[in-house]
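One file, data11.pdb, is given below (PDB, C-alpha atoms).
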```pdb
ATOM      1  CA  MET A1426     -24.335  -5.405  37.978  1.00  0.00           C
ATOM      2  CA  SER A1427     -23.804  -3.373  41.159  1.00  0.00           C
ATOM      3  CA  GLY A1428     -22.680  -0.160  39.496  1.00  0.00           C
ATOM      4  CA  ARG A1429     -19.910  -1.718  37.413  1.00  0.00           C
ATOM      5  CA  THR A1430     -19.802  -1.106  33.707  1.00  0.00           C
ATOM      6  CA  ASN A1431     -17.888  -2.968  31.097  1.00  0.00           C
ATOM      7  CA  ARG A1432     -15.205  -1.430  28.942  1.00  0.00           C
ATOM      8  CA  ARG A1433     -17.475  -1.054  25.897  1.00  0.00           C
ATOM      9  CA  GLU A1434     -20.054   0.936  27.884  1.00  0.00           C
ATOM     10  CA  ARG A1435     -17.358   3.222  29.327  1.00  0.00           C
ATOM     11  CA  LEU A1436     -16.017   3.806  25.807  1.00  0.00           C
ATOM     12  CA  ARG A1437     -19.440   4.770  24.500  1.00  0.00           C
ATOM     13  CA  GLU A1438     -20.125   7.096  27.439  1.00  0.00           C
ATOM     14  CA  GLY A1439     -16.683   8.751  27.697  1.00  0.00           C
ATOM     15  CA  VAL A1440     -16.186   9.845  24.099  1.00  0.00           C
ATOM     16  CA  PRO A1441     -18.639  11.982  22.138  1.00  0.00           C
ATOM     17  CA  ARG A1442     -20.434   9.875  19.539  1.00  0.00           C
ATOM     18  CA  ALA A1443     -19.582  12.304  16.744  1.00  0.00           C
ATOM     19  CA  SER A1444     -15.864  11.875  17.477  1.00  0.00           C
ATOM     20  CA  LEU A1445     -16.164   8.097  17.380  1.00  0.00           C
ATOM     21  CA  PHE A1446     -17.965   8.147  14.067  1.00  0.00           C
ATOM     22  CA  LEU A1447     -15.402  10.579  12.685  1.00  0.00           C
ATOM     23  CA  VAL A1448     -12.592   8.189  13.653  1.00  0.00           C
ATOM     24  CA  ILE A1449     -14.462   5.251  12.143  1.00  0.00           C
ATOM     25  CA  ALA A1450     -15.139   7.185   8.928  1.00  0.00           C
ATOM     26  CA  GLY A1451     -11.433   8.039   8.834  1.00  0.00           C
ATOM     27  CA  LEU A1452     -10.520   4.362   9.168  1.00  0.00           C
ATOM     28  CA  PHE A1453     -12.800   3.442   6.293  1.00  0.00           C
ATOM     29  CA  ALA A1454     -11.516   6.310   4.127  1.00  0.00           C
ATOM     30  CA  VAL A1455      -7.845   5.522   4.769  1.00  0.00           C
ATOM     31  CA  GLY A1456      -8.401   1.800   4.259  1.00  0.00           C
ATOM     32  CA  ALA A1457     -10.230   2.344   0.975  1.00  0.00           C
ATOM     33  CA  VAL A1458      -7.676   4.816  -0.419  1.00  0.00           C
ATOM     34  CA  VAL A1459      -4.652   2.712   0.572  1.00  0.00           C
ATOM     35  CA  THR A1460      -6.228  -0.435  -0.868  1.00  0.00           C
ATOM     36  CA  TRP A1461      -7.212   1.282  -4.127  1.00  0.00           C
ATOM     37  CA  LEU A1462      -3.793   2.856  -4.682  1.00  0.00           C
ATOM     38  CA  ALA A1463      -1.939  -0.342  -3.832  1.00  0.00           C
ATOM     39  CA  VAL A1464      -4.112  -2.470  -6.132  1.00  0.00           C
ATOM     40  CA  THR A1465      -3.375  -0.128  -9.061  1.00  0.00           C
ATOM     41  CA  HIS A1466       0.344  -0.474  -8.340  1.00  0.00           C
ATOM     42  CA  VAL A1467      -0.003  -4.272  -8.122  1.00  0.00           C
ATOM     43  CA  ALA A1468      -1.591  -4.217 -11.584  1.00  0.00           C
ATOM     44  CA  TYR A1469       1.413  -2.377 -13.033  1.00  0.00           C
ATOM     45  CA  ALA A1470       4.055  -4.305 -11.074  1.00  0.00           C
ATOM     46  CA  SER A1471       2.572  -7.650 -12.139  1.00  0.00           C
ATOM     47  CA  GLY A1472       2.337  -6.643 -15.795  1.00  0.00           C
ATOM     48  CA  LEU A1473      -1.450  -6.619 -16.018  1.00  0.00           C
ATOM     49  CA  GLU A1474      -1.574  -2.919 -16.919  1.00  0.00           C
ATOM     50  CA  GLY A1475       0.688  -0.467 -18.705  1.00  0.00           C
ATOM     51  CA  THR A1476       3.261  -0.681 -21.483  1.00  0.00           C
ATOM     52  CA  SER A1477       6.100  -3.092 -20.782  1.00  0.00           C
ATOM     53  CA  GLY A1478       9.651  -2.102 -21.534  1.00  0.00           C
ATOM     54  CA  ARG A1479      13.099  -1.439 -20.157  1.00  0.00           C
ATOM     55  CA  LEU A1480      14.614   1.680 -18.689  1.00  0.00           C
ATOM     56  CA  ARG A1481      18.348   2.286 -18.899  1.00  0.00           C
ATOM     57  CA  VAL A1482      19.478   4.565 -16.063  1.00  0.00           C
ATOM     58  CA  GLU A1483      21.718   7.439 -17.141  1.00  0.00           C
ATOM     59  CA  ALA A1484      21.679   9.611 -14.004  1.00  0.00           C
ATOM     60  CA  CYS A1485      20.127   9.858 -10.557  1.00  0.00           C
ATOM     61  CA  THR A1486      19.292  12.997  -8.589  1.00  0.00           C
ATOM     62  CA  TRP A1487      18.337  13.573  -4.976  1.00  0.00           C
ATOM     63  CA  SER A1488      15.631  16.037  -4.041  1.00  0.00           C
ATOM     64  CA  GLY A1489      14.056  17.236  -0.823  1.00  0.00           C
ATOM     65  CA  TYR A1490      15.629  18.467   2.365  1.00  0.00           C
ATOM     66  CA  GLY A1491      16.362  17.343   5.886  1.00  0.00           C
ATOM     67  CA  ASN A1492      15.343  13.790   6.677  1.00  0.00           C
ATOM     68  CA  HIS A1493      12.900  13.641   3.766  1.00  0.00           C
ATOM     69  CA  ARG A1494      15.052  13.152   0.699  1.00  0.00           C
ATOM     70  CA  SER A1495      14.103  11.060  -2.299  1.00  0.00           C
ATOM     71  CA  VAL A1496      15.981   9.815  -5.320  1.00  0.00           C
ATOM     72  CA  HIS A1497      14.804   9.939  -8.911  1.00  0.00           C
ATOM     73  CA  CYS A1498      16.678   8.119 -11.637  1.00  0.00           C
ATOM     74  CA  HIS A1499      16.489   9.300 -15.223  1.00  0.00           C
ATOM     75  CA  GLY A1500      17.154   7.509 -18.458  1.00  0.00           C
ATOM     76  CA  VAL A1501      15.753   6.150 -21.713  1.00  0.00           C
ATOM     77  CA  PHE A1502      12.636   3.966 -21.777  1.00  0.00           C
ATOM     78  CA  ARG A1503      12.098   1.626 -24.715  1.00  0.00           C
ATOM     79  CA  SER A1504       8.904  -0.405 -24.930  1.00  0.00           C
ATOM     80  CA  ASP A1505       9.229  -4.114 -25.657  1.00  0.00           C
ATOM     81  CA  ASP A1506       7.355  -3.742 -28.939  1.00  0.00           C
ATOM     82  CA  GLY A1507       9.580  -0.817 -30.013  1.00  0.00           C
ATOM     83  CA  THR A1508       6.715   1.622 -30.525  1.00  0.00           C
ATOM     84  CA  THR A1509       7.497   3.881 -27.548  1.00  0.00           C
ATOM     85  CA  VAL A1510      10.787   5.569 -26.734  1.00  0.00           C
ATOM     86  CA  ASP A1511      10.987   8.141 -23.941  1.00  0.00           C
ATOM     87  CA  PRO A1512      14.457   9.716 -23.609  1.00  0.00           C
ATOM     88  CA  ARG A1513      13.393  11.603 -20.457  1.00  0.00           C
ATOM     89  CA  ALA A1514      11.942   8.736 -18.428  1.00  0.00           C
ATOM     90  CA  THR A1515      12.103   9.116 -14.643  1.00  0.00           C
ATOM     91  CA  ILE A1516      11.521   6.542 -11.923  1.00  0.00           C
ATOM     92  CA  ALA A1517      11.423   7.145  -8.180  1.00  0.00           C
ATOM     93  CA  ASP A1518      13.836   4.372  -7.268  1.00  0.00           C
ATOM     94  CA  HIS A1519      17.488   4.185  -6.237  1.00  0.00           C
ATOM     95  CA  LEU A1520      19.273   2.407  -9.080  1.00  0.00           C
ATOM     96  CA  SER A1521      22.852   2.203 -10.295  1.00  0.00           C
ATOM     97  CA  VAL A1522      23.799   4.369 -13.263  1.00  0.00           C
ATOM     98  CA  GLY A1523      24.103   2.161 -16.342  1.00  0.00           C
ATOM     99  CA  ARG A1524      21.672  -0.444 -15.021  1.00  0.00           C
ATOM    100  CA  THR A1525      18.747  -1.534 -17.189  1.00  0.00           C
ATOM    101  CA  VAL A1526      15.545  -2.509 -15.381  1.00  0.00           C
ATOM    102  CA  ASP A1527      12.181  -3.913 -16.423  1.00  0.00           C
ATOM    103  CA  VAL A1528       9.401  -1.365 -15.952  1.00  0.00           C
ATOM    104  CA  ARG A1529       5.823  -0.661 -16.965  1.00  0.00           C
ATOM    105  CA  ARG A1530       4.771   2.723 -18.256  1.00  0.00           C
ATOM    106  CA  THR A1531       1.642   3.831 -16.412  1.00  0.00           C
ATOM    107  CA  ALA A1532      -1.410   5.555 -17.870  1.00  0.00           C
ATOM    108  CA  SER A1533      -0.180   8.862 -16.379  1.00  0.00           C
ATOM    109  CA  GLY A1534       3.219   8.541 -18.083  1.00  0.00           C
ATOM    110  CA  GLY A1535       5.120   7.461 -14.986  1.00  0.00           C
ATOM    111  CA  TYR A1536       7.126   4.262 -14.586  1.00  0.00           C
ATOM    112  CA  GLU A1537       6.679   1.367 -12.189  1.00  0.00           C
ATOM    113  CA  ARG A1538       9.170  -1.417 -11.408  1.00  0.00           C
ATOM    114  CA  THR A1539       8.026  -4.942 -12.211  1.00  0.00           C
ATOM    115  CA  GLY A1540       8.899  -8.305 -10.714  1.00  0.00           C
ATOM    116  CA  ALA A1541       8.201 -10.390  -7.644  1.00  0.00           C
ATOM    117  CA  GLY A1542       9.649  -7.877  -5.177  1.00  0.00           C
ATOM    118  CA  ALA A1543       7.422  -5.069  -6.442  1.00  0.00           C
ATOM    119  CA  VAL A1544       4.321  -7.281  -6.660  1.00  0.00           C
ATOM    120  CA  PHE A1545       4.655  -8.650  -3.124  1.00  0.00           C
ATOM    121  CA  GLY A1546       5.557  -5.236  -1.733  1.00  0.00           C
ATOM    122  CA  TRP A1547       2.432  -3.613  -3.180  1.00  0.00           C
ATOM    123  CA  LEU A1548       0.380  -6.678  -2.211  1.00  0.00           C
ATOM    124  CA  ALA A1549       1.499  -6.115   1.394  1.00  0.00           C
ATOM    125  CA  VAL A1550       0.309  -2.498   1.208  1.00  0.00           C
ATOM    126  CA  SER A1551      -3.060  -3.543  -0.240  1.00  0.00           C
ATOM    127  CA  LEU A1552      -3.509  -6.145   2.511  1.00  0.00           C
ATOM    128  CA  LEU A1553      -2.697  -3.485   5.081  1.00  0.00           C
ATOM    129  CA  GLY A1554      -5.434  -1.306   3.571  1.00  0.00           C
ATOM    130  CA  LEU A1555      -7.890  -4.195   3.842  1.00  0.00           C
ATOM    131  CA  ALA A1556      -6.839  -4.716   7.456  1.00  0.00           C
ATOM    132  CA  VAL A1557      -7.646  -1.062   8.190  1.00  0.00           C
ATOM    133  CA  LEU A1558     -11.099  -1.592   6.642  1.00  0.00           C
ATOM    134  CA  VAL A1559     -11.685  -4.616   8.892  1.00  0.00           C
ATOM    135  CA  LEU A1560     -10.446  -2.566  11.849  1.00  0.00           C
ATOM    136  CA  GLY A1561     -13.097   0.029  10.947  1.00  0.00           C
ATOM    137  CA  ALA A1562     -15.754  -2.688  10.934  1.00  0.00           C
ATOM    138  CA  THR A1563     -14.491  -3.896  14.314  1.00  0.00           C
ATOM    139  CA  ALA A1564     -14.749  -0.344  15.661  1.00  0.00           C
ATOM    140  CA  VAL A1565     -18.326  -0.050  14.381  1.00  0.00           C
ATOM    141  CA  ASN A1566     -19.097  -3.304  16.171  1.00  0.00           C
ATOM    142  CA  ALA A1567     -17.593  -2.006  19.417  1.00  0.00           C
ATOM    143  CA  VAL A1568     -19.305   1.385  19.300  1.00  0.00           C
ATOM    144  CA  THR A1569     -22.773   0.206  18.308  1.00  0.00           C
ATOM    145  CA  GLY A1570     -22.754  -2.695  20.721  1.00  0.00           C
ATOM    146  CA  ALA A1571     -23.644  -5.158  17.993  1.00  0.00           C
ATOM    147  CA  ARG A1572     -24.148  -8.743  19.057  1.00  0.00           C
ATOM    148  CA  VAL A1573     -21.474 -10.033  16.661  1.00  0.00           C
ATOM    149  CA  ARG A1574     -18.743 -11.867  18.505  1.00  0.00           C
ATOM    150  CA  PRO A1575     -15.481  -9.930  18.388  1.00  0.00           C
ATOM    151  CA  ARG A1576     -13.659 -13.031  17.126  1.00  0.00           C
ATOM    152  CA  ARG A1577     -15.642 -12.930  13.887  1.00  0.00           C
ATOM    153  CA  LEU A1578     -13.846  -9.717  13.004  1.00  0.00           C
ATOM    154  CA  LEU A1579     -10.604 -10.115  14.938  1.00  0.00           C
ATOM    155  CA  ILE A1580      -9.704 -13.412  13.243  1.00  0.00           C
ATOM    156  CA  PRO A1581      -9.847 -11.915   9.705  1.00  0.00           C
ATOM    157  CA  LEU A1582      -7.964  -8.868  11.007  1.00  0.00           C
ATOM    158  CA  ALA A1583      -5.208 -11.063  12.423  1.00  0.00           C
ATOM    159  CA  ALA A1584      -5.113 -13.125   9.215  1.00  0.00           C
ATOM    160  CA  LEU A1585      -4.799  -9.980   7.077  1.00  0.00           C
ATOM    161  CA  LEU A1586      -1.996  -8.632   9.256  1.00  0.00           C
ATOM    162  CA  ALA A1587      -0.170 -11.972   9.121  1.00  0.00           C
ATOM    163  CA  ALA A1588      -0.561 -12.073   5.331  1.00  0.00           C
ATOM    164  CA  THR A1589       0.698  -8.471   5.153  1.00  0.00           C
ATOM    165  CA  LEU A1590       3.842  -9.390   7.059  1.00  0.00           C
ATOM    166  CA  ALA A1591       4.377 -12.539   4.966  1.00  0.00           C
ATOM    167  CA  SER A1592       3.949 -10.595   1.726  1.00  0.00           C
ATOM    168  CA  ALA A1593       6.338  -7.874   2.891  1.00  0.00           C
ATOM    169  CA  LEU A1594       8.907 -10.506   3.850  1.00  0.00           C
ATOM    170  CA  ILE A1595       8.584 -12.299   0.498  1.00  0.00           C
ATOM    171  CA  GLY A1596       8.775  -8.969  -1.334  1.00  0.00           C
ATOM    172  CA  GLY A1597      11.891  -7.976   0.560  1.00  0.00           C
ATOM    173  CA  VAL A1598      13.635 -11.288  -0.050  1.00  0.00           C
ATOM    174  CA  ALA A1599      12.639 -11.282  -3.728  1.00  0.00           C
ATOM    175  CA  GLY A1600      13.774  -7.679  -4.099  1.00  0.00           C
ATOM    176  CA  ILE A1601      17.164  -8.518  -2.644  1.00  0.00           C
ATOM    177  CA  ALA A1602      17.564 -11.857  -4.437  1.00  0.00           C
ATOM    178  CA  PHE A1603      16.319 -10.821  -7.869  1.00  0.00           C
ATOM    179  CA  GLY A1604      16.847  -7.071  -7.783  1.00  0.00           C
ATOM    180  CA  GLY A1605      13.250  -6.321  -8.514  1.00  0.00           C
TER     181      GLY A1605
END
```

Take the structure in this file and express it as structure tokens.
Amino acid sequence: MSGRTNRRERLREGVPRASLFLVIAGLFAVGAVVTWLAVTHVAYASGLEGTSGRLRVEACTWSGYGNHRSVHCHGVFRSDDGTTVDPRATIADHLSVGRTVDVRRTASGGYERTGAGAVFGWLAVSLLGLAVLVLGATAVNAVTGARVRPRRLLIPLAALLAATLASALIGGVAGIAFGG
């Protein structure tokens, strides 16, 4: 090849192998954690897990400092079956005082919004986590020099990213249109 090397060979030679594997392990760890957390939120937002009920917002407070400020709204949660009442319920969402919203009480005692906007929003995050996992597999392929064609991994990666954007768009529109 007259002294020329391809990009993959230069990548393998220019970066210490331990660093590459550390980056790849990081991709897999981040992808797995993001996917796991998002799937648990999808379960609550879709109504598959948790105690269903309504939260009536009585007050909202801002916390944090600088550019990182978050709002927490407080009120009374009443389960749909009437067995659970929590007068000190708190949700990390910006809501109008006096508004009543559908929520699910989580296993940890927190509250999660329900509805199409929340489901598609968390679905977008879970798809993003899966895309990071596929990116990790693509990186393994590139580093090890496997004979798998790059398209076999890049096509699912592109499909996951497209689905992530579509889900985020649907979630945003549903959140605006239906308030949830």

Checklist entry - Do you know which residues the PyMOL selection byres ((chain A and resi 1544) around 12) returns on this file, as a ChimeraX atom specification? => result /A:1463-1473,1537-1543,1545-1551,1592-1597,1599-1600,1605

Checklist entry - Which of these residues is nearest to Tyr1536 in chain A, using all atoms listed in the file: A:Gly1554, A:Gly1523, A:Gly1451, A:Gly1475? => result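 The answer is A:Gly1475, which sits nearest to Tyr1536 in chain A.
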
Item to check | Near-range 1484-1498 of chain A list (6 Å; all atoms listed in the file; drop same-chain fewer than 4 positions) as JSON, numbers by chain | outcome: {"A": [1515, 1516, 1517, 1518, 1519, 1522]}

Next on the checklist: Under the rule that only C-alpha atoms are counted, which of A:Leu1586, A:Ala1591, A:Ala1562, A:Val1557 is the nearest residue to Thr1460 in chain A?
Outcome noted: A:Val1557

Item to check | Point-to-point distance in Å for CA of Ser1477 in chain A and CA of Phe1603 in chain A | outcome: 18.2 Å

Next on the checklist: Applying 8 Å and all atoms listed in the file, which residues near Gly1500 in chain A remain after dropping the ones on its own chain fewer than 6 positions away? List them as an MDAnalysis selection string.
Outcome noted: chainID A and resid 1480:1484 1512:1515

Next on the checklist: Residues within 6 Å of Arg1503 in chain A, please, as a list in words. Count all atoms listed in the file; anything in the same chain fewer than 3 positions from it doesn't count.
Outcome noted: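 Listed by chain and then number, they are Gly1478, Arg1479, Thr1509 and Val1510 of chain A.
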
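A straight line drawn from CA of Gly1535 in chain A to CA of Phe1502 in chain A is 10.7 Å long.
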
Checklist entry - Of the candidates A:Thr1525, A:Thr1476, A:Asp1506, A:Leu1558, which one gets nearest to Phe1453 in chain A if we count all atoms listed in the file? => result A:Leu1558

Item to check | Residue nearest Leu1445 in chain A - candidates A:Val1501, A:Val1568, A:Leu1590, A:Ile1601, atoms counted: all atoms listed in the file | outcome: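 Comparing A:Val1501, A:Val1568, A:Leu1590, A:Ile1601 against Leu1445 in chain A, the winner is A:Val1568.
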
Checklist entry - Taking into account only C-alpha atoms, which residue in the set A:Glu1474, A:Ser1444, A:Thr1563, A:Ile1580 is nearest to Thr1531 in chain A? => result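 The closest residue to Thr1531 in chain A is A:Glu1474.
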
Checklist entry - Hey, can you check how far CA of Ser1533 in chain A sits from CA of Leu1553 in chain A? => result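 Value for the CA of Ser1533 in chain A-CA of Leu1553 in chain A distance: 24.9 Å.
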
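Considering all atoms listed in the file, the residue among A:Ala1532, A:Leu1552, A:Ala1564, A:Gly1507 positioned nearest to Leu1452 in chain A is A:Ala1564.
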
Could the centre and edge lengths of an axis-aligned box, enclosing all atoms of range 1521-1532 of chain A in the file with 6 Å extra on each side, be given in Å to one decimal as AutoDock Vina command-line options?
```
--center_x 11.3 --center_y 0.8 --center_z -14.3 --size_x 37.5 --size_y 21.5 --size_z 20.0
```
